[in-house]
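Worksheet for the structure shown next.
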Amino acid sequence: MTTPTEPDNQTPEAEATVERAALQLARDPVLKRMLDEERVESGGLDTALLGRLLTYLRPHKRLAAVAIVLATVEAIAMTLPAWLIGLAMDQVSGSRREGAAVDWLVGVGGRFADWMSPAAATQERLSAMVVFFGLLVGAVWLLRWGVAVTTTYLVQKLGQLVVHDLRTDVHRHLTGMDAQFFHTNPVGRLVNRTTFDVQALAELFSDTFAQGARDLLFILVLIVVMLALDLPLAAILLATFPVLVAIGLIYRRYARPALRTNSAVVSRMNAWMAENLAGMRENHLYRAEDRRRAEYRSLTDAHQSSITYVIRAWGLLRPAMMITSAVATSCVLLVGYNRVVGGLVTVGVLLTFLQYTVRLWVPVRSLTEKFNQIQTALTAGERVMDILNARSSIVDLKQADPALTVKRGRIRFDGVRFRYPRKELDVLAGVDFEVEPGQMLALVGDTGAGKSTIARLVTRQYDVTAGEVRVDGRDVRDYTLNQLRSGIAIVPQEVVIFAGSVRENITLGRDIPDERIWECVRAVRADTLIDRMSDGLDSPLEEGGRTLSTGERQLLSFARALVVNPPVLILDEATANVDTQTELLIQRALEALTAGRTSVVIAHRLSTIQDADQILVLRHGKVIERGTHDELLRMGGEYARLVELHHGGVAEAA
Amino acid sequence: MDIVQDLRRIGAWIRPEAVRYALGLGSLLLVNISDVIAPVFMAVAIDLAEAELLSAAPKTPQVLAYLGLSSGDFSLVGAIACYLALHVAANAFRYPMLMNTAVPSHRVGQSVRNRVVDHLMRLSRPFYDRSRSGDLMSLATSDINATRMMFGPAILVGSDTLMIMSLVLVVLATLSWKLTLIAMIPLPIIALVTNALSHAEYNRFEDVQEDLATLTERARESYAGIRIIQGYAREVYDRDRFRAFSWRHFGLNLRLAKVRAMFDPTLDLMLGVSTVLVLIFGGMQVIDGTMTLGTFVAFLFLVRYLSGPMIGLGWSVSLLQRGRASLKRLHALLDEPIEIKDAPDAVEADTNGTLQVDGLTFAYAGRLDPGTGTVDLDAPVEPVLRDVGFTLRPGARLGVIGPVGSGKTTLISLLARLYDPPEGTVRFGGRDVRDITLASLRERVVVAPQDTFLFSDTVARNMLLGSPHQDTDHARELARLAHLADEIDALPRGYETLLGERGVNMSGGQRQRLAIGRAIGADPEVLVLDDCLSAVDARTEGAILDNLEEVFEGRSGIIVSHRVIAVERCDEIIVLEEGRVTERGTHAELIQGDGYYARIAAEQMKAAQSGLEEVTS
Ligand SMILES: Nc1ncnc2c1ncn2[C@@H]1O[C@H](COP(=O)(O)OP(=O)(O)O)[C@@H](O)[C@H]1O
Ligand SMILES: Nc1ncnc2c1ncn2[C@@H]1O[C@H](COP(=O)(O)OP(=O)(O)O)[C@@H](O)[C@H]1O
Ligand SMILES: [Mg+2]
Ligand SMILES: [Mg+2]
């Protein structure tokens, strides 16, 4: 699943038509990507997948059992009214019918009539019987209502429970994946797997399996009842099933790609809208308004085109099914007439059959639609299972000692070579260095030299290809990931701000007293910022921290690092986005930040690293110079050139 | 009054589709007529059967009697053929009915969408400062949907209800008006129950949808912020947090499930009540001999046509209520005045005009909360710019330097008229920018913003956003100037790589360089760079500044920065502090002073000096 599927040419004809029409109208690369990514890869039912999905029902066995029993009761209750009405009819028209159930019911009805109007005329007795059957039908209908409400609710609950389990499973699994996985999978795709695909699977459980089972049960009970009532009439109705199913399948073929395309277009339209609201300033500055209008118009055209296909399929399905059932009704009437006349069945039975025929297409239609859902859900299921099957290559090794923690913060690289997965070139080609506890190491070099890669190896986002990374004298693989990373705080260039309060953003959910938080906030000079907000530490921040300046976001991320008081601190170009004044503030904050702990500082503002105990200059994954600021300047090599470049203009003018 | 206005609006929206609607509703009428009459022939067939069984003359259902026909006129096959023919006819008309109502209603929906986007594109910054993007999003999605439902299903089902109700009532009443009245007893209840249920369902569904957005956002955050979550070993916390959100979503779904579970069975129960009433009272009439068995059967089937429309009535009324509210909100948006637009007598900007700012004092409409990002319109505001002035002649370059919050970005925004400057304070080519057409002004003055926004589109299309040339070669040239070419070539699909959520994420430095390329691509006369070199490394910064010499050939420029190195080559530099120009002059002049400029210049070269002295000594 790591590679997006390229459009394949073997998609069914109908699918291609709708999609092609929509894509031609939309002319939108993102929509194309969406359709390609969400394309149904496999046709058949994957039973292994089904089995695995069913395991999600296991924790809710009891609920499932109750739902199944209730659904059976409901199916029986569904068929009863028509049968009772037919029976009542027979009482009225004076026809006799055989059968234990019939006799018993008629007996009860008789007693009811006796009680209502003892020793009355036959006509009044008959009326009493009609009232009796009417009340009975009413009672059954009430029962049916109760059972239906309960079943539907339980089934929905079951489905939602499964979704919740699955959703948290996917999230748990994904948050344990390694950096490489996140490098190859765009966030949007992972989000889709976690919410929408899981949701589609939920529908498999709550709507498809459960409702489908109900429809099937209803049809089965119906068949049994019909066969018990009259064979030839039942045969007529049974014969219409294949026709209804065939119509359903044809519908499925046309509606499915249309529905899929339409829903992709709708989500693309929503994404387009969200994005253009966010980027409206750019649209205005670059006079892109007309272009955007045209883009959106194309999307609405694509929407109209695909929805028309959906409506057309729907507009043909229903009439086709209703005509089929009208034909069946006619046949039942025709044959039933002759059988009534021949005395083979009563008028009541005929009436019961007529009521069944007009209802028959409803469950078949809904089953047809279920079939669509099953396929959509199974594809979604496959994608979700792919995610759950993906294994992280960075895991705690067996030899890892859970008690081992980072204490002093000595870092050592021994002949470290590293190559990113599926790449041909070594990004680090033999790097050696050692940082004593409490010292500051600075990494300098051009973009792409391998500086961030070194930082990633220290926290074991990747494992070295050759050589060894040691922290406090132990290989990083001897630590559990949790312990290793708890001892090393990393501040990246791209600050992450979560939606939530300022406090949550700083503590990341740890229980830390306010005094300590304020101490850190003041140390990194973020106090004035927080003072300007309405609720102090409890002020809400928007996702991504959109409303803060980059410098302000950076200050918060410093506070976040400081608050855990880690033995090792890594700053990866953390001062890149701030202005000189803030940089000055940060410079002071940095002293607070790095005091008494080991630090690795990557900076393109060389001013921040002059006091480093050791500076490594990297080029193409090799250390080409090392020493202190003064030593390196004296050497007059690459570092000196960088410094000159950096300050050249200023010094020149001075 | 209100209703009249709403109806006028609805009328105006659907007028272009009036013919289609008329066709659709016409087909609907035919569908309904055939549908309602068909069961009468079933009644005939049953009466024929009973008559034959009892060897009596068949009774005639009243409807036929009114038409001057009697059951005796029909053979069984004839009756059944009529039944079938009517059904086929009814269903044949269903297709044009749907195609001429549902399809045009979606078309109306598209025109609402396009109108909304047209307007959103024209509304200006002050409006966006005031509004929350979530509100705008829900206008553009759920409100438009609700309106579409009003134009489509509500109208269709509403008309269906009215037609079928009158038809069925006519037919039933001719069969037996007494029984008709009795069967109608539950109908008002059905309408009320449906209406109440569908409102509850809608509200809960909206809650679920809203919460789904939150949940999705949470998942997105987890994955986008995975470096921090894993880097600080906070996976467990994040999982618990997500679990809590997921559980809340579960609860909301359950709330929805409760209404949904009630919906169909409850309506079915109403049908049951009608059926029971017909069974009891109709049955008695059959026993009395006042009603034929066939008529009774027809009744049983037609009752369904009564409760169905009642469900429809309740439903469509709730759709109408919702649609009306949504339409009102949409029109409030569409009536939102456009604050920044061409003056009635606006003219094109001169080419190569002088940009002149004079006594510019400017205050925003409200105060910006750094936490939520919303503008509080009631809070007292201080001017952000006070008496700012400068002149930028064609080909000249101006540097603007100053601390965060000093008003640099505000000044820039006023030049491109993202906000309107006070009259006469900003002139281009000697003419007040407020008298110049927006299009021509923004064609000549182009800003590369501080935190630029990249669209989920290809690299090339992002780069060429404002460019008159749309070919990749041009994008390549821009990338070279912005010193981004190598990095773009290293992307999986080069210039065709998709950016954003579904594609590649760019780093801050790359984004800034893309913004520079984009601005150059717009080929402006005045190129304004708002602090767009802060996240690039020194070597790249130097290279871009060198390239800019080439770019500034034949144009004027404004470079906003907080780094001296970026502005030192400018012809004039102004220092902004708290909205005032506190210093102005060339680099050489300013460096001699003892103001802000000299101070930060000293800070920034402190290291260099100590180092370089050693190197050169
Ligand atoms: N996840 C990755 N997969 C493959 N290549 C990568 C990955 N991350 C970085 N690279 C490549 O490795 C090289 C070094 O990158 P990096 O360590 O980030 O450099 P620096 O931080 O010095 O700018 C670059 O050429 C970059 O393109
Ligand atoms: N849209 C806005 N509404 C209200 N106040 C704003 C808005 N944008 C910026 N401000 C305020 O104006 C002042 C100047 O901001 P800005 O021009 O962005 O400064 P600079 O670009 O120099 O950092 C700040 O106090 C900021 O809070
Ligand atoms: Mg890096
Ligand atoms: Mg700014």
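Order determines the names: the first chain of the structure tokens is A, the second B, and so forth; residues in each chain are numbered 1 upward, and ligands are numbered 1 upward as they are shown.
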
Contacts with ligand 2 at most 7 Å, only C-alpha atoms and all ligand atoms counted, listed as a list of chain:residue names |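 Based on only C-alpha atoms and all ligand atoms, ligand 2 is surrounded within 7 Å by B:Asp129, B:Tyr364, B:Ala365, B:Gly366, B:Arg367, B:Leu368, B:Val375, B:Val384, B:Gly402, B:Pro403, B:Val404, B:Gly405, B:Ser406, B:Gly407, B:Lys408, B:Thr409, B:Thr410, B:Leu411.
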
Could those selected residues go to a file with C-alpha atoms, as a CSV table (one decimal), in the first residue's frame?
```csv
chain,number,residue,atom,x,y,z
B,129,ASP,CA,-10.7,38.8,9.3
B,364,TYR,CA,-7.4,47.7,11.7
B,365,ALA,CA,-11.1,47.4,12.5
B,366,GLY,CA,-10.4,45.3,15.6
B,367,ARG,CA,-7.9,43.7,17.8
B,368,LEU,CA,-6.2,40.4,16.9
B,375,VAL,CA,-10.4,39.8,15.4
B,384,VAL,CA,-0.7,50.1,13.5
B,402,GLY,CA,11.9,46.5,12.0
B,403,PRO,CA,11.0,44.2,14.8
B,404,VAL,CA,8.0,41.8,14.8
B,405,GLY,CA,4.7,43.6,15.1
B,406,SER,CA,6.1,46.9,13.9
B,407,GLY,CA,3.6,47.0,11.0
B,408,LYS,CA,5.8,45.9,8.1
B,409,THR,CA,3.3,43.4,6.8
B,410,THR,CA,0.5,45.8,7.3
B,411,LEU,CA,2.3,48.4,5.2
```

Extract, using only C-alpha atoms, all DNA, RNA and protein residues at most 7 Å from segment 432-440 of chain B, discarding same-chain residues fewer than 3 positions from it, and format them as a list in words.
->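 After dropping sequence-adjacent residues, the list is Arg287 of chain A; Lys341, Asp342, Ala343, Ala346, Val347, Glu348, Ala349, Gly424, Val426, Arg427, Phe428, Glu443 and Arg444 of chain B.
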
Neighbours of Trp83 of chain A within 10 Å (only C-alpha atoms; same-chain residues fewer than 4 positions away dropped), as a PyMOL selection string?
-> chain A and resi 78-79+87-89+137+225-226+229+348-353+355-356

Run DSSP on the backbone and give me the residues of segment 172-293 of chain A it puts in alpha helix (DSSP H), as a PyMOL selection string.
-> chain A and resi 172-175+179-184+187-192+198-203+212-229+231-278+280-285+289-293

Neighbourhood of ligand 4 at 12 Å, counting only C-alpha atoms and all ligand atoms, reported as number ranges by chain | A: 548-551, 577-579; B: 400-413, 448-452, 529-532, 534, 559-562, 576

Residue subset to file, keeping C-alpha atoms, as a tab-separated table (two decimals), in the first residue's frame:
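Wrote it out as out-v4.tsv, contents follow:
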```
chain	number	residue	atom	x	y	z
A	548	LEU	CA	0.99	32.62	15.97
A	549	SER	CA	4.02	33.97	14.21
A	550	THR	CA	6.71	31.43	13.40
A	551	GLY	CA	8.94	32.90	16.08
A	577	ASN	CA	12.35	31.46	11.39
A	578	VAL	CA	12.83	34.23	13.86
A	579	ASP	CA	13.82	37.83	13.53
B	400	VAL	CA	11.99	47.94	5.25
B	401	ILE	CA	13.35	46.67	8.50
B	402	GLY	CA	11.90	46.52	11.97
B	403	PRO	CA	10.98	44.24	14.85
B	404	VAL	CA	8.04	41.83	14.83
B	405	GLY	CA	4.72	43.59	15.07
B	406	SER	CA	6.07	46.93	13.94
B	407	GLY	CA	3.65	47.00	11.01
B	408	LYS	CA	5.79	45.88	8.09
B	409	THR	CA	3.31	43.36	6.77
B	410	THR	CA	0.48	45.83	7.29
B	411	LEU	CA	2.28	48.42	5.21
B	412	ILE	CA	2.82	45.90	2.42
B	413	SER	CA	-0.84	44.81	2.50
B	448	ALA	CA	5.47	37.46	-1.87
B	449	PRO	CA	3.88	37.01	1.56
B	450	GLN	CA	5.70	36.07	4.72
B	451	ASP	CA	4.00	32.70	5.32
B	452	THR	CA	2.83	31.81	1.90
B	529	LEU	CA	9.26	40.46	-0.71
B	530	ASP	CA	7.80	40.27	2.79
B	531	ASP	CA	10.45	38.64	4.91
B	532	CYS	CA	10.77	35.58	2.71
B	534	SER	CA	14.15	33.96	7.07
B	559	ILE	CA	12.42	44.07	0.55
B	560	VAL	CA	11.09	43.54	4.02
B	561	SER	CA	13.41	41.75	6.36
B	562	HIS	CA	14.80	41.68	9.81
B	576	LEU	CA	9.71	50.81	11.30
```

List all protein, DNA and RNA residues that have any atom at most 6 Å from ligand 1, counting only C-alpha atoms and all ligand atoms, and write the list as a CSV table (one decimal) with N, CA and C atoms, in the first residue's frame.
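Generated file (pocket32.csv):
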```
chain,number,residue,atom,x,y,z
A,180,GLN,N,10.3,6.1,8.4
A,180,GLN,CA,10.3,5.8,7.0
A,180,GLN,C,8.9,5.6,6.5
A,183,HIS,N,7.4,8.8,6.0
A,183,HIS,CA,8.0,9.5,4.9
A,183,HIS,C,7.4,9.1,3.6
A,420,TYR,N,19.3,5.8,3.4
A,420,TYR,CA,17.9,5.8,3.5
A,420,TYR,C,17.4,4.5,2.7
A,427,VAL,N,24.0,8.5,2.8
A,427,VAL,CA,23.8,9.9,3.2
A,427,VAL,C,24.9,10.2,4.2
A,447,THR,N,22.5,22.5,2.9
A,447,THR,CA,21.3,21.8,2.9
A,447,THR,C,21.6,20.4,2.2
A,448,GLY,N,21.2,19.3,2.8
A,448,GLY,CA,21.4,18.0,2.2
A,448,GLY,C,22.7,17.4,2.6
A,449,ALA,N,23.4,18.0,3.5
A,449,ALA,CA,24.7,17.5,3.9
A,449,ALA,C,24.6,16.3,4.8
A,450,GLY,N,23.5,16.2,5.5
A,450,GLY,CA,23.3,15.0,6.4
A,450,GLY,C,23.1,15.4,7.8
A,451,LYS,N,23.0,16.7,8.1
A,451,LYS,CA,22.9,17.1,9.5
A,451,LYS,C,21.7,16.5,10.2
A,452,SER,N,20.5,16.7,9.6
A,452,SER,CA,19.3,16.2,10.3
A,452,SER,C,19.3,14.7,10.4
A,453,THR,N,20.0,14.1,9.4
A,453,THR,CA,20.1,12.6,9.5
A,453,THR,C,20.8,12.2,10.8
```

Check which residues of chain B sit at most 12 Å from ligand 3 using only C-alpha atoms and all ligand atoms, and return one row each with the closest pair of atoms and their distance in Å to one decimal, ordered by chain and rising number, as CSV.
```
residue,atom,partner,partner_atom_place_in_ligand_line,distance
B:Ser507,CA,ligand 3,1 (Mg),9.3
B:Gly508,CA,ligand 3,1 (Mg),11.0
B:Gly509,CA,ligand 3,1 (Mg),10.4
B:Gln510,CA,ligand 3,1 (Mg),11.8
B:Ala535,CA,ligand 3,1 (Mg),11.5
B:Val536,CA,ligand 3,1 (Mg),10.9
B:Asp537,CA,ligand 3,1 (Mg),10.3
```

Can you tell me which residues surround Arg419 of chain A at a distance of at most 12 Å, considering only C-alpha atoms, apart from same-chain residues fewer than 3 positions away, and format the answer as a short mmCIF file (atom, residue, chain, number, x, y, z; two decimals) with N, CA and C atoms, in the first residue's frame?
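Everything below was put into part-v4.cif:
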```cif
data_model
loop_
_atom_site.label_atom_id
_atom_site.label_comp_id
_atom_site.auth_asym_id
_atom_site.auth_seq_id
_atom_site.Cartn_x
_atom_site.Cartn_y
_atom_site.Cartn_z
N GLN A 180 10.32 6.11 8.38
CA GLN A 180 10.31 5.80 6.96
C GLN A 180 8.87 5.64 6.45
N VAL A 416 29.86 5.65 11.65
CA VAL A 416 28.46 5.49 11.26
C VAL A 416 28.27 5.74 9.77
N ARG A 422 15.79 2.12 0.21
CA ARG A 422 15.55 2.25 -1.22
C ARG A 422 16.29 3.42 -1.85
N LYS A 423 17.43 3.77 -1.34
CA LYS A 423 18.25 4.81 -1.95
C LYS A 423 19.59 4.21 -2.31
N GLU A 424 20.25 4.79 -3.31
CA GLU A 424 21.50 4.19 -3.75
C GLU A 424 22.72 4.77 -3.03
N LEU A 425 22.57 6.01 -2.56
CA LEU A 425 23.75 6.67 -2.01
C LEU A 425 23.75 6.69 -0.49
N ASP A 426 24.94 6.56 0.09
CA ASP A 426 25.06 6.74 1.53
C ASP A 426 24.90 8.21 1.85
N VAL A 427 24.03 8.50 2.79
CA VAL A 427 23.85 9.88 3.20
C VAL A 427 24.92 10.24 4.23
N LEU A 428 25.28 9.26 5.07
CA LEU A 428 26.41 9.43 5.98
C LEU A 428 27.46 8.39 5.59
N ALA A 429 28.67 8.88 5.33
CA ALA A 429 29.69 7.95 4.86
C ALA A 429 30.82 7.88 5.88
N GLY A 430 30.52 7.30 7.02
CA GLY A 430 31.55 7.14 8.04
C GLY A 430 31.71 8.39 8.88
N GLY A 450 23.48 16.17 5.49
CA GLY A 450 23.27 15.03 6.38
C GLY A 450 23.14 15.39 7.85
N THR A 453 19.99 14.05 9.44
CA THR A 453 20.08 12.60 9.50
C THR A 453 20.80 12.16 10.77
N ILE A 454 21.86 12.89 11.13
CA ILE A 454 22.58 12.56 12.36
C ILE A 454 21.64 12.66 13.56
N LEU A 457 19.40 9.74 13.79
CA LEU A 457 20.00 8.48 14.23
C LEU A 457 20.15 8.45 15.75
N TYR A 462 15.81 6.08 12.65
CA TYR A 462 16.29 5.06 11.72
C TYR A 462 17.41 4.32 12.43
N ASP A 463 17.73 3.11 11.94
CA ASP A 463 18.88 2.39 12.46
C ASP A 463 20.04 2.55 11.49
N VAL A 464 21.24 2.63 12.05
CA VAL A 464 22.42 2.83 11.21
C VAL A 464 22.58 1.66 10.24
N THR A 465 23.20 1.93 9.09
CA THR A 465 23.49 0.87 8.13
C THR A 465 24.75 0.12 8.57
N ALA A 466 25.73 0.89 9.07
CA ALA A 466 26.93 0.28 9.62
C ALA A 466 27.45 1.20 10.70
N GLY A 621 27.86 14.00 3.67
CA GLY A 621 27.86 12.91 4.63
C GLY A 621 29.20 12.60 5.26
#
```

Identify all residues of segment 516-652 of chain A in strand (DSSP E) (DSSP on the backbone) and supply them as an NGL selection string.
-> :A and (540-541 or 568-572 or 598-602 or 614-619 or 622-627)

List the neighbours of Leu23 of chain B out to 10 Å using only C-alpha atoms; skip same-chain residues closer than 5 positions along the sequence, and give me the result as a PyMOL selection string.
-> chain B and resi 18+28-29+96-97+99-101

I'd like the neighbourhood of Ile517 of chain A as a CSV table (one decimal) with all heavy atoms, in the first residue's frame, where a residue qualifies if any of its atoms comes within 8 Å (using only C-alpha atoms), though same-chain residues fewer than 3 positions away should be ignored.
```
chain,number,residue,atom,x,y,z
A,503,ARG,N,-1.1,25.1,27.6
A,503,ARG,CA,-0.5,24.1,28.6
A,503,ARG,C,-0.3,22.8,28.0
A,503,ARG,O,0.8,22.2,28.0
A,503,ARG,CB,-1.5,24.0,29.8
A,503,ARG,CG,-1.0,23.1,30.9
A,503,ARG,CD,-2.1,22.7,31.8
A,503,ARG,NE,-2.9,23.8,32.2
A,503,ARG,CZ,-2.6,24.7,33.2
A,503,ARG,NH1,-1.5,24.5,33.9
A,503,ARG,NH2,-3.4,25.7,33.5
A,506,ILE,N,2.6,22.5,25.8
A,506,ILE,CA,3.9,22.5,26.4
A,506,ILE,C,4.2,21.2,27.1
A,506,ILE,O,5.3,20.6,27.0
A,506,ILE,CB,4.1,23.7,27.4
A,506,ILE,CG1,4.0,25.0,26.6
A,506,ILE,CG2,5.3,23.6,28.2
A,506,ILE,CD1,4.1,26.3,27.4
A,507,THR,N,3.2,20.7,27.8
A,507,THR,CA,3.4,19.5,28.7
A,507,THR,C,3.2,18.2,27.9
A,507,THR,O,3.6,17.2,28.3
A,507,THR,CB,2.5,19.5,29.9
A,507,THR,OG1,1.1,19.4,29.4
A,507,THR,CG2,2.7,20.7,30.7
A,512,ILE,N,2.4,18.4,35.1
A,512,ILE,CA,3.5,19.2,35.5
A,512,ILE,C,2.9,20.5,36.2
A,512,ILE,O,2.0,21.1,35.7
A,512,ILE,CB,4.4,19.7,34.3
A,512,ILE,CG1,5.1,18.4,33.7
A,512,ILE,CG2,5.4,20.7,34.7
A,512,ILE,CD1,5.8,18.6,32.4
A,513,PRO,N,3.4,20.8,37.4
A,513,PRO,CA,2.8,22.0,38.1
A,513,PRO,C,3.0,23.3,37.4
A,513,PRO,O,4.0,23.4,36.6
A,513,PRO,CB,3.6,22.0,39.5
A,513,PRO,CG,4.8,21.1,39.3
A,513,PRO,CD,4.5,20.1,38.2
A,514,ASP,N,2.1,24.2,37.6
A,514,ASP,CA,2.1,25.5,36.9
A,514,ASP,C,3.4,26.2,37.1
A,514,ASP,O,3.9,26.9,36.2
A,514,ASP,CB,0.9,26.3,37.3
A,514,ASP,CG,-0.3,26.0,36.5
A,514,ASP,OD1,-0.3,25.0,35.8
A,514,ASP,OD2,-1.3,26.8,36.6
A,520,CYS,N,9.8,27.6,32.9
A,520,CYS,CA,10.3,27.3,31.6
A,520,CYS,C,9.9,28.3,30.6
A,520,CYS,O,10.7,28.7,29.7
A,520,CYS,CB,9.8,25.9,31.1
A,520,CYS,SG,10.3,24.6,32.2
A,521,VAL,N,8.6,28.7,30.7
A,521,VAL,CA,8.1,29.7,29.7
A,521,VAL,C,8.9,31.0,29.9
A,521,VAL,O,9.3,31.6,28.9
A,521,VAL,CB,6.6,30.0,30.0
A,521,VAL,CG1,6.1,31.3,29.4
A,521,VAL,CG2,5.8,28.8,29.6
A,559,ALA,N,9.9,25.8,25.1
A,559,ALA,CA,9.3,25.6,26.4
A,559,ALA,C,9.0,24.1,26.6
A,559,ALA,O,9.2,23.5,27.6
A,559,ALA,CB,8.1,26.4,26.7
A,563,VAL,N,10.7,21.7,29.5
A,563,VAL,CA,9.8,21.3,30.6
A,563,VAL,C,10.1,19.8,31.0
A,563,VAL,O,9.9,19.4,32.1
A,563,VAL,CB,8.4,21.6,30.2
A,563,VAL,CG1,7.7,20.4,29.6
A,563,VAL,CG2,7.6,22.0,31.5
```

Test item: residues at most 10 Å from segment 200-216 of chain B, only C-alpha atoms, excluding those fewer than 6 positions along its chain, as a PyMOL selection string | (chain A and resi 188+191-192+194-196) or (chain B and resi 138+142+194+222+242-246+248-260+262-263+318-319+322)

Those selected residues, please, written with C-alpha atoms and delivered as a CSV table (one decimal), in the first residue's frame.
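Result went into again-v2.csv, see below:
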```csv
chain,number,residue,atom,x,y,z
A,188,GLY,CA,-4.0,12.6,4.0
A,191,VAL,CA,-6.1,10.1,7.9
A,192,ASN,CA,-8.5,8.6,5.3
A,194,THR,CA,-8.3,6.0,10.1
A,195,THR,CA,-11.6,7.7,9.6
A,196,PHE,CA,-13.3,7.1,6.3
B,138,SER,CA,-20.4,25.1,6.7
B,142,SER,CA,-24.1,21.9,4.6
B,194,THR,CA,-42.2,12.5,10.7
B,222,SER,CA,-1.3,12.8,15.3
B,242,PHE,CA,-7.5,9.9,20.3
B,243,ARG,CA,-9.4,7.2,22.1
B,244,ALA,CA,-11.4,9.8,24.1
B,245,PHE,CA,-12.3,11.6,20.9
B,246,SER,CA,-13.2,8.4,19.2
B,248,ARG,CA,-17.2,10.8,22.0
B,249,HIS,CA,-17.8,10.2,18.4
B,250,PHE,CA,-19.2,6.8,19.3
B,251,GLY,CA,-21.6,8.4,21.7
B,252,LEU,CA,-22.8,10.9,19.2
B,253,ASN,CA,-23.4,8.2,16.7
B,254,LEU,CA,-25.4,6.3,19.2
B,255,ARG,CA,-27.5,9.3,19.8
B,256,LEU,CA,-28.2,9.4,16.1
B,257,ALA,CA,-28.8,5.7,16.0
B,258,LYS,CA,-31.6,6.2,18.6
B,259,VAL,CA,-33.6,8.4,16.2
B,260,ARG,CA,-32.8,6.4,13.2
B,262,MET,CA,-37.3,4.9,15.7
B,263,PHE,CA,-37.8,6.4,12.2
B,318,SER,CA,-38.8,19.7,7.6
B,319,LEU,CA,-36.6,19.9,4.5
B,322,ARG,CA,-34.1,23.7,7.0
```

Using only C-alpha atoms, which of B:Leu334, B:Ala154, B:Ala261, B:Val171 sits nearest Val117 of chain B?
->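 Checking each of B:Leu334, B:Ala154, B:Ala261, B:Val171 against Val117 of chain B, counting only C-alpha atoms, the winner is B:Leu334.
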